[in-house]
file target-v9.pdb (PDB, C-alpha atoms, pLDDT in the B column)
ATOM      1  CA  MET A   1      92.856 104.532  52.317  1.00 91.00           C
ATOM      2  CA  ILE A   2      91.961 103.530  55.841  1.00 97.00           C
ATOM      3  CA  GLU A   3      94.576 101.256  57.380  1.00 97.00           C
ATOM      4  CA  SER A   4      93.636 101.292  61.068  1.00 98.00           C
ATOM      5  CA  ILE A   5      90.547 101.610  63.233  1.00 98.00           C
ATOM      6  CA  LEU A   6      90.699 102.672  66.863  1.00 98.00           C
ATOM      7  CA  PHE A   7      87.829 102.026  69.250  1.00 98.00           C
ATOM      8  CA  ASP A   8      86.529 103.426  72.481  1.00 98.00           C
ATOM      9  CA  LEU A   9      85.488 100.802  75.054  1.00 97.00           C
ATOM     10  CA  ASP A  10      82.540 101.859  77.240  1.00 94.00           C
ATOM     11  CA  GLY A  11      79.425 102.616  75.246  1.00 94.00           C
ATOM     12  CA  THR A  12      81.048 101.537  71.986  1.00 97.00           C
ATOM     13  CA  LEU A  13      82.117  97.900  72.370  1.00 98.00           C
ATOM     14  CA  LEU A  14      80.892  97.375  75.934  1.00 97.00           C
ATOM     15  CA  ASP A  15      77.180  97.903  76.559  1.00 95.00           C
ATOM     16  CA  ARG A  16      77.728  99.733  79.851  1.00 91.00           C
ATOM     17  CA  HIS A  17      74.064 100.338  80.526  1.00 91.00           C
ATOM     18  CA  GLY A  18      73.095  96.711  79.975  1.00 94.00           C
ATOM     19  CA  SER A  19      76.094  95.517  81.966  1.00 95.00           C
ATOM     20  CA  LEU A  20      75.289  97.853  84.850  1.00 95.00           C
ATOM     21  CA  ILE A  21      71.714  96.589  85.084  1.00 96.00           C
ATOM     22  CA  ILE A  22      72.894  92.979  85.337  1.00 96.00           C
ATOM     23  CA  TYR A  23      75.584  93.930  87.837  1.00 96.00           C
ATOM     24  CA  VAL A  24      73.225  95.836  90.162  1.00 97.00           C
ATOM     25  CA  HIS A  25      70.789  92.917  90.305  1.00 96.00           C
ATOM     26  CA  ARG A  26      73.605  90.614  91.372  1.00 97.00           C
ATOM     27  CA  GLN A  27      75.133  93.108  93.815  1.00 97.00           C
ATOM     28  CA  ILE A  28      71.838  93.442  95.666  1.00 96.00           C
ATOM     29  CA  GLU A  29      71.631  89.645  95.951  1.00 96.00           C
ATOM     30  CA  ARG A  30      75.203  89.398  97.268  1.00 96.00           C
ATOM     31  CA  HIS A  31      74.655  92.156  99.835  1.00 97.00           C
ATOM     32  CA  SER A  32      71.032  91.546 100.744  1.00 96.00           C
ATOM     33  CA  ALA A  33      71.686  92.092 104.459  1.00 96.00           C
ATOM     34  CA  LEU A  34      73.331  95.477 103.925  1.00 96.00           C
ATOM     35  CA  LEU A  35      70.801  96.635 101.332  1.00 96.00           C
ATOM     36  CA  ASN A  36      67.772  95.145 103.052  1.00 94.00           C
ATOM     37  CA  GLY A  37      64.654  97.277 102.622  1.00 93.00           C
ATOM     38  CA  ILE A  38      65.926  99.146  99.558  1.00 96.00           C
ATOM     39  CA  LEU A  39      63.803  98.556  96.476  1.00 96.00           C
ATOM     40  CA  LEU A  40      65.721  97.215  93.484  1.00 95.00           C
ATOM     41  CA  ASP A  41      64.286  99.830  91.129  1.00 96.00           C
ATOM     42  CA  ASP A  42      65.246 102.671  93.497  1.00 97.00           C
ATOM     43  CA  TYR A  43      68.779 101.368  93.958  1.00 97.00           C
ATOM     44  CA  LEU A  44      69.273 100.773  90.233  1.00 96.00           C
ATOM     45  CA  ALA A  45      67.973 104.231  89.354  1.00 97.00           C
ATOM     46  CA  LYS A  46      70.424 105.896  91.746  1.00 97.00           C
ATOM     47  CA  VAL A  47      73.401 103.839  90.570  1.00 97.00           C
ATOM     48  CA  ILE A  48      72.633 104.837  86.964  1.00 94.00           C
ATOM     49  CA  GLU A  49      72.123 108.476  87.955  1.00 95.00           C
ATOM     50  CA  PHE A  50      75.279 108.737  90.048  1.00 96.00           C
ATOM     51  CA  ASP A  51      77.328 106.817  87.481  1.00 92.00           C
ATOM     52  CA  ALA A  52      76.659 109.599  84.927  1.00 88.00           C
ATOM     53  CA  GLN A  53      77.464 107.373  81.964  1.00 81.00           C
ATOM     54  CA  GLY A  54      80.771 106.313  83.494  1.00 82.00           C
ATOM     55  CA  HIS A  55      81.998 109.836  84.237  1.00 83.00           C
ATOM     56  CA  THR A  56      81.848 109.400  88.016  1.00 90.00           C
ATOM     57  CA  ALA A  57      84.749 107.606  89.707  1.00 90.00           C
ATOM     58  CA  LYS A  58      83.325 104.421  91.168  1.00 93.00           C
ATOM     59  CA  ASP A  59      84.513 105.087  94.716  1.00 95.00           C
ATOM     60  CA  LYS A  60      82.638 108.415  94.542  1.00 96.00           C
ATOM     61  CA  LEU A  61      79.592 106.660  93.091  1.00 97.00           C
ATOM     62  CA  PHE A  62      79.285 104.310  96.044  1.00 98.00           C
ATOM     63  CA  GLN A  63      79.987 107.100  98.508  1.00 98.00           C
ATOM     64  CA  GLN A  64      76.950 108.834  97.043  1.00 98.00           C
ATOM     65  CA  ILE A  65      74.974 105.597  97.337  1.00 98.00           C
ATOM     66  CA  GLU A  66      75.935 105.273 101.003  1.00 98.00           C
ATOM     67  CA  LYS A  67      74.850 108.827 101.731  1.00 98.00           C
ATOM     68  CA  HIS A  68      71.605 108.691  99.742  1.00 98.00           C
ATOM     69  CA  PHE A  69      70.368 105.446 101.307  1.00 98.00           C
ATOM     70  CA  ASP A  70      71.790 106.264 104.753  1.00 97.00           C
ATOM     71  CA  LEU A  71      73.865 103.071 104.865  1.00 97.00           C
ATOM     72  CA  PRO A  72      76.303 102.310 107.696  1.00 97.00           C
ATOM     73  CA  GLU A  73      79.576 104.216 107.588  1.00 96.00           C
ATOM     74  CA  ARG A  74      82.154 102.820 105.125  1.00 96.00           C
ATOM     75  CA  SER A  75      79.544 100.692 103.378  1.00 97.00           C
ATOM     76  CA  TRP A  76      80.720 102.328 100.179  1.00 97.00           C
ATOM     77  CA  ASP A  77      84.097 100.611 100.558  1.00 97.00           C
ATOM     78  CA  LEU A  78      82.459  97.183 100.571  1.00 97.00           C
ATOM     79  CA  LEU A  79      80.266  98.040  97.578  1.00 98.00           C
ATOM     80  CA  PHE A  80      83.213  99.483  95.664  1.00 97.00           C
ATOM     81  CA  ASP A  81      85.280  96.341  96.285  1.00 97.00           C
ATOM     82  CA  ASP A  82      82.324  94.304  95.067  1.00 97.00           C
ATOM     83  CA  PHE A  83      82.233  96.360  91.864  1.00 96.00           C
ATOM     84  CA  LYS A  84      85.933  95.868  91.172  1.00 93.00           C
ATOM     85  CA  THR A  85      85.637  92.134  91.784  1.00 94.00           C
ATOM     86  CA  HIS A  86      82.394  91.294  90.029  1.00 95.00           C
ATOM     87  CA  PHE A  87      81.623  93.886  87.344  1.00 94.00           C
ATOM     88  CA  PRO A  88      83.929  92.221  84.771  1.00 91.00           C
ATOM     89  CA  ASP A  89      81.812  89.067  85.115  1.00 92.00           C
ATOM     90  CA  THR A  90      78.760  91.002  83.913  1.00 95.00           C
ATOM     91  CA  CYS A  91      80.352  92.708  80.899  1.00 95.00           C
ATOM     92  CA  VAL A  92      77.936  92.576  77.974  1.00 95.00           C
ATOM     93  CA  PRO A  93      79.122  93.446  74.455  1.00 97.00           C
ATOM     94  CA  PHE A  94      76.979  95.212  71.927  1.00 97.00           C
ATOM     95  CA  PRO A  95      75.508  92.807  69.341  1.00 97.00           C
ATOM     96  CA  ALA A  96      77.890  91.498  66.667  1.00 98.00           C
ATOM     97  CA  MET A  97      80.965  92.885  68.427  1.00 98.00           C
ATOM     98  CA  HIS A  98      83.175  89.825  67.882  1.00 98.00           C
ATOM     99  CA  GLN A  99      81.910  89.265  64.331  1.00 98.00           C
ATOM    100  CA  THR A 100      82.582  92.905  63.396  1.00 98.00           C
ATOM    101  CA  LEU A 101      86.087  92.964  64.866  1.00 98.00           C
ATOM    102  CA  ARG A 102      86.927  89.720  63.075  1.00 98.00           C
ATOM    103  CA  ARG A 103      85.598  91.061  59.757  1.00 97.00           C
ATOM    104  CA  LEU A 104      87.718  94.169  60.024  1.00 98.00           C
ATOM    105  CA  GLN A 105      90.782  92.155  61.003  1.00 96.00           C
ATOM    106  CA  GLU A 106      90.262  89.779  58.071  1.00 96.00           C
ATOM    107  CA  ARG A 107      90.321  92.780  55.747  1.00 96.00           C
ATOM    108  CA  GLY A 108      93.868  93.490  56.891  1.00 96.00           C
ATOM    109  CA  LEU A 109      92.977  96.489  59.042  1.00 98.00           C
ATOM    110  CA  SER A 110      94.971  96.973  62.232  1.00 98.00           C
ATOM    111  CA  LEU A 111      92.828  97.633  65.291  1.00 98.00           C
ATOM    112  CA  GLY A 112      93.459  99.579  68.475  1.00 98.00           C
ATOM    113  CA  LEU A 113      91.617 100.479  71.663  1.00 98.00           C
ATOM    114  CA  ILE A 114      91.773 103.688  73.717  1.00 98.00           C
ATOM    115  CA  THR A 115      89.814 103.968  76.945  1.00 98.00           C
ATOM    116  CA  ASN A 116      89.729 106.542  79.710  1.00 96.00           C
ATOM    117  CA  GLY A 117      89.799 105.138  83.226  1.00 91.00           C
ATOM    118  CA  SER A 118      91.889 103.235  85.722  1.00 92.00           C
ATOM    119  CA  LYS A 119      93.934 100.145  84.991  1.00 94.00           C
ATOM    120  CA  ALA A 120      92.179  98.297  87.835  1.00 92.00           C
ATOM    121  CA  LEU A 121      88.767  98.766  86.224  1.00 91.00           C
ATOM    122  CA  GLN A 122      89.415  98.943  82.485  1.00 95.00           C
ATOM    123  CA  TYR A 123      91.735  95.959  81.977  1.00 96.00           C
ATOM    124  CA  PRO A 124      89.272  93.519  83.629  1.00 95.00           C
ATOM    125  CA  LYS A 125      86.486  94.833  81.373  1.00 95.00           C
ATOM    126  CA  ILE A 126      88.645  94.173  78.324  1.00 97.00           C
ATOM    127  CA  ASP A 127      89.366  90.658  79.558  1.00 95.00           C
ATOM    128  CA  GLY A 128      85.699  90.172  80.484  1.00 93.00           C
ATOM    129  CA  LEU A 129      84.764  90.860  76.863  1.00 96.00           C
ATOM    130  CA  GLY A 130      87.556  88.614  75.577  1.00 96.00           C
ATOM    131  CA  ILE A 131      88.823  91.147  73.018  1.00 98.00           C
ATOM    132  CA  ARG A 132      92.568  91.491  73.619  1.00 97.00           C
ATOM    133  CA  LEU A 133      93.358  89.247  70.659  1.00 97.00           C
ATOM    134  CA  TYR A 134      91.950  91.755  68.180  1.00 98.00           C
ATOM    135  CA  PHE A 135      94.070  94.756  69.122  1.00 98.00           C
ATOM    136  CA  GLY A 136      97.609  95.687  68.233  1.00 98.00           C
ATOM    137  CA  ALA A 137      97.458  98.599  70.666  1.00 98.00           C
ATOM    138  CA  ILE A 138      95.501  98.973  73.924  1.00 98.00           C
ATOM    139  CA  LEU A 139      95.870 102.272  75.776  1.00 98.00           C
ATOM    140  CA  VAL A 140      94.283 102.970  79.171  1.00 98.00           C
ATOM    141  CA  SER A 141      94.468 106.607  80.218  1.00 98.00           C
ATOM    142  CA  GLU A 142      95.769 105.974  83.735  1.00 97.00           C
ATOM    143  CA  ALA A 143      98.642 103.889  82.376  1.00 97.00           C
ATOM    144  CA  GLU A 144      99.437 106.556  79.781  1.00 98.00           C
ATOM    145  CA  GLY A 145      99.184 109.529  82.118  1.00 98.00           C
ATOM    146  CA  ILE A 146      96.995 111.254  79.544  1.00 98.00           C
ATOM    147  CA  LYS A 147      93.404 110.824  78.423  1.00 97.00           C
ATOM    148  CA  LYS A 148      90.974 111.541  75.611  1.00 98.00           C
ATOM    149  CA  PRO A 149      90.310 114.081  74.140  1.00 97.00           C
ATOM    150  CA  ASP A 150      94.024 115.013  74.243  1.00 98.00           C
ATOM    151  CA  PRO A 151      95.313 114.287  70.707  1.00 98.00           C
ATOM    152  CA  GLU A 152      98.505 112.767  72.102  1.00 98.00           C
ATOM    153  CA  ILE A 153      96.792 109.593  73.320  1.00 98.00           C
ATOM    154  CA  PHE A 154      95.411 109.011  69.808  1.00 98.00           C
ATOM    155  CA  HIS A 155      98.829 109.631  68.295  1.00 98.00           C
ATOM    156  CA  ARG A 156     100.454 107.163  70.716  1.00 98.00           C
ATOM    157  CA  ALA A 157      98.044 104.442  69.627  1.00 98.00           C
ATOM    158  CA  LEU A 158      98.638 105.207  65.963  1.00 98.00           C
ATOM    159  CA  ARG A 159     102.418 105.052  66.427  1.00 98.00           C
ATOM    160  CA  LYS A 160     102.039 101.606  67.976  1.00 98.00           C
ATOM    161  CA  LEU A 161     100.049 100.523  64.912  1.00 98.00           C
ATOM    162  CA  GLY A 162     102.403 102.238  62.455  1.00 97.00           C
ATOM    163  CA  THR A 163      99.603 104.316  60.960  1.00 97.00           C
ATOM    164  CA  SER A 164      99.267 108.022  60.226  1.00 97.00           C
ATOM    165  CA  PRO A 165      96.164 109.951  61.392  1.00 98.00           C
ATOM    166  CA  GLU A 166      94.887 110.518  57.856  1.00 96.00           C
ATOM    167  CA  ASN A 167      94.745 106.749  57.326  1.00 97.00           C
ATOM    168  CA  ALA A 168      92.890 105.995  60.552  1.00 98.00           C
ATOM    169  CA  VAL A 169      89.361 106.154  61.940  1.00 98.00           C
ATOM    170  CA  PHE A 170      88.191 106.379  65.527  1.00 98.00           C
ATOM    171  CA  VAL A 171      84.879 104.857  66.622  1.00 98.00           C
ATOM    172  CA  GLY A 172      83.300 106.127  69.829  1.00 97.00           C
ATOM    173  CA  ASP A 173      80.129 107.273  71.546  1.00 95.00           C
ATOM    174  CA  ASN A 174      81.244 110.377  73.459  1.00 94.00           C
ATOM    175  CA  PRO A 175      81.148 113.544  71.308  1.00 95.00           C
ATOM    176  CA  GLU A 176      83.827 115.369  73.315  1.00 95.00           C
ATOM    177  CA  ALA A 177      86.300 112.654  74.346  1.00 95.00           C
ATOM    178  CA  ASP A 178      85.966 110.452  71.259  1.00 97.00           C
ATOM    179  CA  ILE A 179      84.751 112.446  68.274  1.00 97.00           C
ATOM    180  CA  HIS A 180      86.243 115.881  68.976  1.00 97.00           C
ATOM    181  CA  GLY A 181      89.412 114.258  70.292  1.00 97.00           C
ATOM    182  CA  ALA A 182      89.877 112.138  67.172  1.00 97.00           C
ATOM    183  CA  ALA A 183      89.199 115.121  64.894  1.00 97.00           C
ATOM    184  CA  ALA A 184      91.781 117.199  66.784  1.00 97.00           C
ATOM    185  CA  ALA A 185      94.263 114.369  66.255  1.00 98.00           C
ATOM    186  CA  GLY A 186      93.696 114.528  62.485  1.00 97.00           C
ATOM    187  CA  MET A 187      91.639 111.333  62.284  1.00 97.00           C
ATOM    188  CA  ARG A 188      88.246 110.657  60.809  1.00 97.00           C
ATOM    189  CA  ALA A 189      85.572 109.796  63.358  1.00 97.00           C
ATOM    190  CA  VAL A 190      82.560 107.495  63.418  1.00 98.00           C
ATOM    191  CA  TRP A 191      79.935 108.154  66.065  1.00 97.00           C
ATOM    192  CA  MET A 192      78.236 105.229  67.808  1.00 96.00           C
ATOM    193  CA  GLN A 193      74.842 106.862  68.114  1.00 94.00           C
ATOM    194  CA  ASN A 194      73.066 106.765  71.465  1.00 88.00           C
ATOM    195  CA  SER A 195      70.412 108.633  73.423  1.00 83.00           C
ATOM    196  CA  TRP A 196      72.818 109.929  76.074  1.00 83.00           C
ATOM    197  CA  TRP A 197      74.764 112.437  73.997  1.00 85.00           C
ATOM    198  CA  PRO A 198      73.840 115.034  71.344  1.00 86.00           C
ATOM    199  CA  GLU A 199      75.063 114.344  67.826  1.00 88.00           C
ATOM    200  CA  PRO A 200      78.540 115.793  67.302  1.00 90.00           C
ATOM    201  CA  SER A 201      79.106 118.273  64.483  1.00 85.00           C
ATOM    202  CA  ASP A 202      82.557 117.095  63.377  1.00 85.00           C
ATOM    203  CA  VAL A 203      81.718 113.470  62.655  1.00 94.00           C
ATOM    204  CA  ASN A 204      82.365 111.689  59.347  1.00 95.00           C
ATOM    205  CA  ALA A 205      79.764 108.974  59.744  1.00 96.00           C
ATOM    206  CA  THR A 206      77.226 107.640  62.222  1.00 96.00           C
ATOM    207  CA  ILE A 207      76.324 104.040  63.064  1.00 97.00           C
ATOM    208  CA  ASN A 208      73.556 102.587  65.205  1.00 96.00           C
ATOM    209  CA  ARG A 209      75.038  99.084  65.320  1.00 97.00           C
ATOM    210  CA  LEU A 210      78.587  97.757  65.164  1.00 98.00           C
ATOM    211  CA  SER A 211      77.632  95.510  62.252  1.00 97.00           C
ATOM    212  CA  GLU A 212      77.251  98.644  60.090  1.00 97.00           C
ATOM    213  CA  LEU A 213      80.905  99.581  60.491  1.00 97.00           C
ATOM    214  CA  PRO A 214      82.508  97.584  57.628  1.00 97.00           C
ATOM    215  CA  GLU A 215      80.138  99.176  55.117  1.00 96.00           C
ATOM    216  CA  VAL A 216      80.766 102.641  56.568  1.00 97.00           C
ATOM    217  CA  ILE A 217      84.526 102.103  56.237  1.00 96.00           C
ATOM    218  CA  ASP A 218      84.013 101.208  52.565  1.00 95.00           C
ATOM    219  CA  LYS A 219      82.069 104.435  52.032  1.00 95.00           C
ATOM    220  CA  LEU A 220      84.706 106.524  53.785  1.00 95.00           C
ATOM    221  CA  ASN A 221      87.344 104.942  51.557  1.00 93.00           C
ATOM    222  CA  MET A 222      85.299 106.056  48.562  1.00 90.00           C
ATOM    223  CA  GLY A 223      85.245 109.585  49.911  1.00 85.00           C
ATOM    224  CA  GLN A 224      81.582 109.755  50.707  1.00 56.00           C
ATOM    225  CA  THR A 225      80.379 112.390  53.139  1.00 44.00           C
ATOM    226  CA  GLN A 226      78.535 111.984  56.392  1.00 50.00           C
ATOM    227  CA  SER A 227      75.165 112.594  54.730  1.00 43.00           C
ATOM    228  CA  GLU A 228      75.915 110.117  51.939  1.00 46.00           C
ATOM    229  CA  SER A 229      77.193 107.415  54.305  1.00 41.00           C
ATOM    230  CA  THR A 230      74.087 107.548  56.482  1.00 43.00           C
ATOM    231  CA  GLY A 231      71.724 107.609  53.559  1.00 42.00           C
TER
END
call {"tool": "encode", "arguments": {"input": "target-v9.pdb", "output": "structure tokens"}}
result
Amino acid sequence: MIESILFDLDGTLLDRHGSLIIYVHRQIERHSALLNGILLDDYLAKVIEFDAQGHTAKDKLFQQIEKHFDLPERSWDLLFDDFKTHFPDTCVPFPAMHQTLRRLQERGLSLGLITNGSKALQYPKIDGLGIRLYFGAILVSEAEGIKKPDPEIFHRALRKLGTSPENAVFVGDNPEADIHGAAAAGMRAVWMQNSWWPEPSDVNATINRLSELPEVIDKLNMGQTQSESTG
């Protein structure tokens, strides 16, 4: 039986794309003098492109922005500081995030969170979403000195929760870091489907919305397969 559920953060609980759109609109307003003459749509498109679904370090992202738009030297530093300060204020959860986490908690399941990234960026996102209270274990890769898909970071979270891999599920959007990593750690994996990544082969179930997760957990407990659980 499933005792614990571990979650990814960006693209699973946090709607990164929606959050980034809101953030860019506000950044352009705050730095209208610096970014004067740059069309919002052009700037937004380049931020999304250079961000590469969160895989680009944010200092590198804004260095690329500076170069592409021919901004004054060291403008990237100002824009990067702005991101660190203000992005947490624009964090948007996926629909029914709080309701789903509460439902799972009320069932007696222990919950954990594993996210790749820096402490300076990931902890404020977690606080921006207001989700610390749900998790018995929160692991940020920089703080751990190890990152997904290395099985060890999954095992560390499970040890904190007192759960074995066979009694745990990981929910994430990235096929390599989340799904393959969880499978290598001996866990079952649920893929948060999206248009950015191809469907992973070693997934136990797929969801389109967080609200589907409690039902999927019930089906996994009954031993249903991926094809059965997705109907």
call {"tool": "resolve_selection", "arguments": {"input": "target-v9.pdb", "expression": "the PyMOL selection byres ((chain A and resi 14-31) around 10)", "output": "ChimeraX atom specification"}}
result
/A:8-13,32-36,38-41,43-45,47-48,51,53-54,78-79,82-83,86-95,97,125-126,128-129
call {"tool": "resolve_selection", "arguments": {"input": "target-v9.pdb", "expression": "the PyMOL selection byres ((chain A and resi 194-210) around 7)", "output": "list in words"}}
result
Ala96, Met97, Thr100, Asn174, Pro175, Ile179, His180, Arg188, Ala189, Val190, Trp191, Met192, Gln193, Ser211, Glu212, Leu213, Thr225, Gln226, Ser229 and Thr230 of chain A
call {"tool": "resolve_selection", "arguments": {"input": "target-v9.pdb", "expression": "the PyMOL selection byres ((chain A and resi 184) around 10)", "output": "ChimeraX atom specification"}}
result
/A:149-152,154,178-183,185-188,202
call {"tool": "closest_residue", "arguments": {"input": "target-v9.pdb", "among": "A:Ser4, A:Ser75, A:Gln64, A:Thr85", "to": "Gln105 of chain A", "atoms": "all atoms listed in the file"}}
result
A:Ser4
call {"tool": "residues_around", "arguments": {"input": "target-v9.pdb", "residues": "Asn167 of chain A", "least_positions_apart": "6", "cutoff": "6 Å", "atoms": "all atoms listed in the file", "output": "ChimeraX atom specification"}}
result
/A:1-3
call {"tool": "closest_residue", "arguments": {"input": "target-v9.pdb", "among": "A:Asp81, A:Leu6, A:Ala168, A:His55", "to": "Gly117 of chain A", "atoms": "all atoms listed in the file"}}
result
A:His55
call {"tool": "closest_residue", "arguments": {"input": "target-v9.pdb", "among": "A:Ile153, A:Phe50, A:Arg103, A:Phe170", "to": "His68 of chain A", "atoms": "all atoms listed in the file"}}
result
A:Phe50
call {"tool": "build_atoms", "arguments": {"input": "target-v9.pdb", "residues": "segment 145-161 of chain A", "atoms": "N, CA and C atoms", "output": "mmCIF file, in the coordinates of the input"}}
result
data_model
loop_
_atom_site.group_PDB
_atom_site.id
_atom_site.type_symbol
_atom_site.label_atom_id
_atom_site.label_comp_id
_atom_site.auth_asym_id
_atom_site.auth_seq_id
_atom_site.Cartn_x
_atom_site.Cartn_y
_atom_site.Cartn_z
ATOM 1 N N GLY A 145 99.021 108.226 81.501
ATOM 2 C CA GLY A 145 99.184 109.529 82.118
ATOM 3 C C GLY A 145 98.560 110.643 81.305
ATOM 4 N N ILE A 146 97.662 110.291 80.431
ATOM 5 C CA ILE A 146 96.995 111.254 79.544
ATOM 6 C C ILE A 146 95.700 110.614 79.082
ATOM 7 N N LYS A 147 94.680 111.410 78.786
ATOM 8 C CA LYS A 147 93.404 110.824 78.423
ATOM 9 C C LYS A 147 92.744 111.565 77.262
ATOM 10 N N LYS A 148 91.793 110.891 76.633
ATOM 11 C CA LYS A 148 90.974 111.541 75.611
ATOM 12 C C LYS A 148 90.241 112.717 76.249
ATOM 13 N N PRO A 149 90.103 113.852 75.575
ATOM 14 C CA PRO A 149 90.310 114.081 74.140
ATOM 15 C C PRO A 149 91.692 114.606 73.744
ATOM 16 N N ASP A 150 92.690 114.525 74.609
ATOM 17 C CA ASP A 150 94.024 115.013 74.243
ATOM 18 C C ASP A 150 94.517 114.253 73.000
ATOM 19 N N PRO A 151 94.872 114.961 71.931
ATOM 20 C CA PRO A 151 95.313 114.287 70.707
ATOM 21 C C PRO A 151 96.487 113.335 70.902
ATOM 22 N N GLU A 152 97.309 113.579 71.927
ATOM 23 C CA GLU A 152 98.505 112.767 72.102
ATOM 24 C C GLU A 152 98.182 111.294 72.345
ATOM 25 N N ILE A 153 97.090 111.004 73.053
ATOM 26 C CA ILE A 153 96.792 109.593 73.320
ATOM 27 C C ILE A 153 96.381 108.877 72.039
ATOM 28 N N PHE A 154 95.738 109.590 71.111
ATOM 29 C CA PHE A 154 95.411 109.011 69.808
ATOM 30 C C PHE A 154 96.681 108.783 69.006
ATOM 31 N N HIS A 155 97.585 109.766 69.047
ATOM 32 C CA HIS A 155 98.829 109.631 68.295
ATOM 33 C C HIS A 155 99.688 108.485 68.832
ATOM 34 N N ARG A 156 99.689 108.278 70.143
ATOM 35 C CA ARG A 156 100.454 107.163 70.716
ATOM 36 C C ARG A 156 99.940 105.828 70.186
ATOM 37 N N ALA A 157 98.625 105.693 70.145
ATOM 38 C CA ALA A 157 98.044 104.442 69.627
ATOM 39 C C ALA A 157 98.394 104.247 68.163
ATOM 40 N N LEU A 158 98.333 105.312 67.388
ATOM 41 C CA LEU A 158 98.638 105.207 65.963
ATOM 42 C C LEU A 158 100.105 104.855 65.735
ATOM 43 N N ARG A 159 100.996 105.407 66.558
ATOM 44 C CA ARG A 159 102.418 105.052 66.427
ATOM 45 C C ARG A 159 102.634 103.572 66.702
ATOM 46 N N LYS A 160 101.920 103.036 67.677
ATOM 47 C CA LYS A 160 102.039 101.606 67.976
ATOM 48 C C LYS A 160 101.579 100.758 66.794
ATOM 49 N N LEU A 161 100.589 101.261 66.060
ATOM 50 C CA LEU A 161 100.049 100.523 64.912
ATOM 51 C C LEU A 161 100.788 100.844 63.621
#
